[in-house]
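Beneath this line is the structure, given in structure tokens, with notes to follow.
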Amino acid sequence: MHFHIAGLDPQPFAHLFGKSNVELAAAGVTRHRVDAFPCFPDRITLSDLPIGTTALLLNYEHQPAPTAYRASHAIYLGEDGAGRFDATNTIPQSLAVRLLSLRAFDATGMMRDAEVVDGSDAATVVRRMLRDPANAYVHAHYAKRGCFAATIERA
């Protein structure tokens, strides 16, 4: 079973990049100077941001389905304009080095399966989850803080 992972499309967030801290605060967003590595996982590049760069911390609705599992959580976005991660059968760096919560959903947004796994073992669990035809996609979350990391789909 092949799977595909892409970072978030930066376009819906483009209006935030380069704004002043006051303008960001009015939108519920904060800017942070990256001061540790690995510590700030960018949801566009799906890699940890380098020390010295800046990250925006904002709330993101990653599960908009009108079910009990509708959800949003905090995410970091790098302001450096680096390229979007897009790959098949590859677990990106920021997921591979962390403990993950993998959650499989059906096409209506109902959770059908979930497992906590070391990121280095994520590909095996993702493949198992996506072999079930009733599972439409998998959400990866960073298990410690619960933040949304990425959506994983069949390739």
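Starting from 1 in every chain, residues are counted up; chains themselves are A, B, ... following the order of the structure tokens, and ligands are numbered from 1 as listed.
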
Mind checking which residues fall within 7 Å of Ala87 (chain A), counting only C-alpha atoms, ignoring those fewer than 6 positions away in the same chain, and posting them as a JSON list (two decimals) with N, CA and C atoms, in the first residue's frame?
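As a result, around32.json now contains:
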[["chain", "number", "residue", "atom", "x", "y", "z"],
["A", 4, "HIS", "N", 0.79, 8.90, 0.44],
["A", 4, "HIS", "CA", 1.26, 10.22, 0.01],
["A", 4, "HIS", "C", 1.09, 11.20, 1.16],
["A", 5, "ILE", "N", 2.12, 12.02, 1.37],
["A", 5, "ILE", "CA", 2.08, 13.08, 2.38],
["A", 5, "ILE", "C", 2.51, 14.39, 1.72],
["A", 6, "ALA", "N", 1.74, 15.43, 1.95],
["A", 6, "ALA", "CA", 2.11, 16.77, 1.49],
["A", 6, "ALA", "C", 1.99, 17.73, 2.66]]

Mind checking which residues fall within 12 Å of Phe17 (chain A), counting only C-alpha atoms, ignoring those fewer than 3 positions away in the same chain, and posting them as a ChimeraX atom specification? /A:10-14,20-21,23-24,29-31,54-57,77-81

As a PDB file with N, CA and C atoms, in the first residue's frame, please: every residue in region 2-74 of chain A that DSSP puts in strand (DSSP E).
ATOM      1  N   PHE A   3       1.490   5.373   0.104  1.00  0.00           N
ATOM      2  CA  PHE A   3       0.849   6.517   0.747  1.00  0.00           C
ATOM      3  C   PHE A   3       1.527   7.803   0.297  1.00  0.00           C
ATOM      4  N   HIS A   4       0.790   8.902   0.438  1.00  0.00           N
ATOM      5  CA  HIS A   4       1.261  10.215   0.006  1.00  0.00           C
ATOM      6  C   HIS A   4       1.095  11.204   1.157  1.00  0.00           C
ATOM      7  N   ILE A   5       2.124  12.020   1.370  1.00  0.00           N
ATOM      8  CA  ILE A   5       2.076  13.080   2.380  1.00  0.00           C
ATOM      9  C   ILE A   5       2.509  14.386   1.716  1.00  0.00           C
ATOM     10  N   ALA A   6       1.738  15.427   1.951  1.00  0.00           N
ATOM     11  CA  ALA A   6       2.111  16.769   1.487  1.00  0.00           C
ATOM     12  C   ALA A   6       1.992  17.731   2.657  1.00  0.00           C
ATOM     13  N   THR A  30       1.062  34.286  16.948  1.00  0.00           N
ATOM     14  CA  THR A  30       2.277  34.808  17.568  1.00  0.00           C
ATOM     15  C   THR A  30       3.499  34.388  16.768  1.00  0.00           C
ATOM     16  N   ARG A  31       4.501  35.272  16.766  1.00  0.00           N
ATOM     17  CA  ARG A  31       5.766  34.991  16.080  1.00  0.00           C
ATOM     18  C   ARG A  31       6.780  34.544  17.127  1.00  0.00           C
ATOM     19  N   HIS A  32       7.564  33.520  16.776  1.00  0.00           N
ATOM     20  CA  HIS A  32       8.571  32.978  17.689  1.00  0.00           C
ATOM     21  C   HIS A  32       9.914  32.876  16.971  1.00  0.00           C
ATOM     22  N   ARG A  33      10.975  33.229  17.648  1.00  0.00           N
ATOM     23  CA  ARG A  33      12.332  33.036  17.141  1.00  0.00           C
ATOM     24  C   ARG A  33      12.706  31.591  17.474  1.00  0.00           C
ATOM     25  N   THR A  54      12.290  32.398  12.017  1.00  0.00           N
ATOM     26  CA  THR A  54      11.070  32.689  12.769  1.00  0.00           C
ATOM     27  C   THR A  54       9.952  31.751  12.348  1.00  0.00           C
ATOM     28  N   ALA A  55       9.062  31.519  13.310  1.00  0.00           N
ATOM     29  CA  ALA A  55       7.910  30.648  13.093  1.00  0.00           C
ATOM     30  C   ALA A  55       6.656  31.362  13.570  1.00  0.00           C
ATOM     31  N   LEU A  56       5.574  31.157  12.856  1.00  0.00           N
ATOM     32  CA  LEU A  56       4.276  31.654  13.292  1.00  0.00           C
ATOM     33  C   LEU A  56       3.539  30.512  13.976  1.00  0.00           C
ATOM     34  N   LEU A  57       2.959  30.796  15.128  1.00  0.00           N
ATOM     35  CA  LEU A  57       2.155  29.826  15.870  1.00  0.00           C
ATOM     36  C   LEU A  57       0.701  30.266  15.773  1.00  0.00           C
ATOM     37  N   LEU A  58      -0.127  29.387  15.205  1.00  0.00           N
ATOM     38  CA  LEU A  58      -1.529  29.724  15.012  1.00  0.00           C
ATOM     39  C   LEU A  58      -2.405  28.492  15.159  1.00  0.00           C
ATOM     40  N   ASN A  59      -3.690  28.732  15.294  1.00  0.00           N
ATOM     41  CA  ASN A  59      -4.650  27.642  15.354  1.00  0.00           C
ATOM     42  C   ASN A  59      -5.065  27.298  13.937  1.00  0.00           C
ATOM     43  N   TYR A  60      -5.178  25.982  13.666  1.00  0.00           N
ATOM     44  CA  TYR A  60      -5.509  25.507  12.328  1.00  0.00           C
ATOM     45  C   TYR A  60      -6.570  24.415  12.424  1.00  0.00           C
ATOM     46  N   GLU A  61      -7.651  24.569  11.679  1.00  0.00           N
ATOM     47  CA  GLU A  61      -8.698  23.544  11.655  1.00  0.00           C
ATOM     48  C   GLU A  61      -8.295  22.461  10.652  1.00  0.00           C
ATOM     49  N   HIS A  62      -7.784  21.363  11.180  1.00  0.00           N
ATOM     50  CA  HIS A  62      -7.303  20.267  10.343  1.00  0.00           C
ATOM     51  C   HIS A  62      -8.371  19.217  10.074  1.00  0.00           C
ATOM     52  N   GLN A  63      -9.434  19.210  10.860  1.00  0.00           N
ATOM     53  CA  GLN A  63     -10.503  18.226  10.697  1.00  0.00           C
ATOM     54  C   GLN A  63     -11.833  18.980  10.656  1.00  0.00           C
ATOM     55  N   ALA A  71     -11.986  19.197  14.528  1.00  0.00           N
ATOM     56  CA  ALA A  71     -10.910  19.597  15.426  1.00  0.00           C
ATOM     57  C   ALA A  71      -9.995  20.646  14.813  1.00  0.00           C
ATOM     58  N   SER A  72      -9.391  21.428  15.706  1.00  0.00           N
ATOM     59  CA  SER A  72      -8.330  22.359  15.338  1.00  0.00           C
ATOM     60  C   SER A  72      -7.300  22.326  16.453  1.00  0.00           C
ATOM     61  N   HIS A  73      -6.092  22.743  16.123  1.00  0.00           N
ATOM     62  CA  HIS A  73      -5.023  22.760  17.123  1.00  0.00           C
ATOM     63  C   HIS A  73      -3.914  23.682  16.624  1.00  0.00           C
ATOM     64  N   ALA A  74      -2.933  23.899  17.477  1.00  0.00           N
ATOM     65  CA  ALA A  74      -1.821  24.778  17.161  1.00  0.00           C
ATOM     66  C   ALA A  74      -0.896  24.147  16.122  1.00  0.00           C
TER      67      ALA A  74
END

Name the residues in contact with Leu100 (chain A) at a cut-off of 9 Å, using only C-alpha atoms, excluding same-chain residues fewer than 4 positions from it; report them as a compact mmCIF listing (two decimals) with C-alpha atoms, in the first residue's frame.
# COMPACT_ATOMS: atom_id res chain seq x y z
CA LEU A 95 7.44 13.15 11.89
CA ALA A 96 10.15 10.47 11.80
CA GLU A 115 -2.42 4.13 17.33
CA VAL A 116 0.51 5.80 19.07
CA VAL A 117 3.77 4.94 17.34
CA ASP A 118 7.40 5.98 17.17
CA GLY A 119 7.78 8.11 14.03
CA ALA A 122 4.94 5.23 11.15
CA ALA A 140 -0.66 12.34 12.09
CA HIS A 141 -0.38 14.29 15.33
CA TYR A 142 2.63 14.94 17.52
CA ALA A 143 1.68 12.75 20.47
CA LYS A 144 3.22 14.80 23.27
CA GLY A 146 -1.34 16.75 20.36
CA ALA A 149 1.30 17.29 11.86

Fewer than 5 positions away in the same chain doesn't count, so skip those; otherwise give me all residues within 12 Å of Met110 (chain A), counting only C-alpha atoms, as number ranges by chain. A: 63-71, 103-105, 134-139

When you count only C-alpha atoms, which of these residues is closest to Arg154 (chain A): A:Arg112, A:Thr88, A:Val97, A:Ala26? A:Thr88

Using only C-alpha atoms, find the one residue out of A:Ile44, A:Ile75, A:Ala82, A:Ala155 that sits nearest to Asp9 (chain A).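 Closest residue, counting only C-alpha atoms: A:Ile44.
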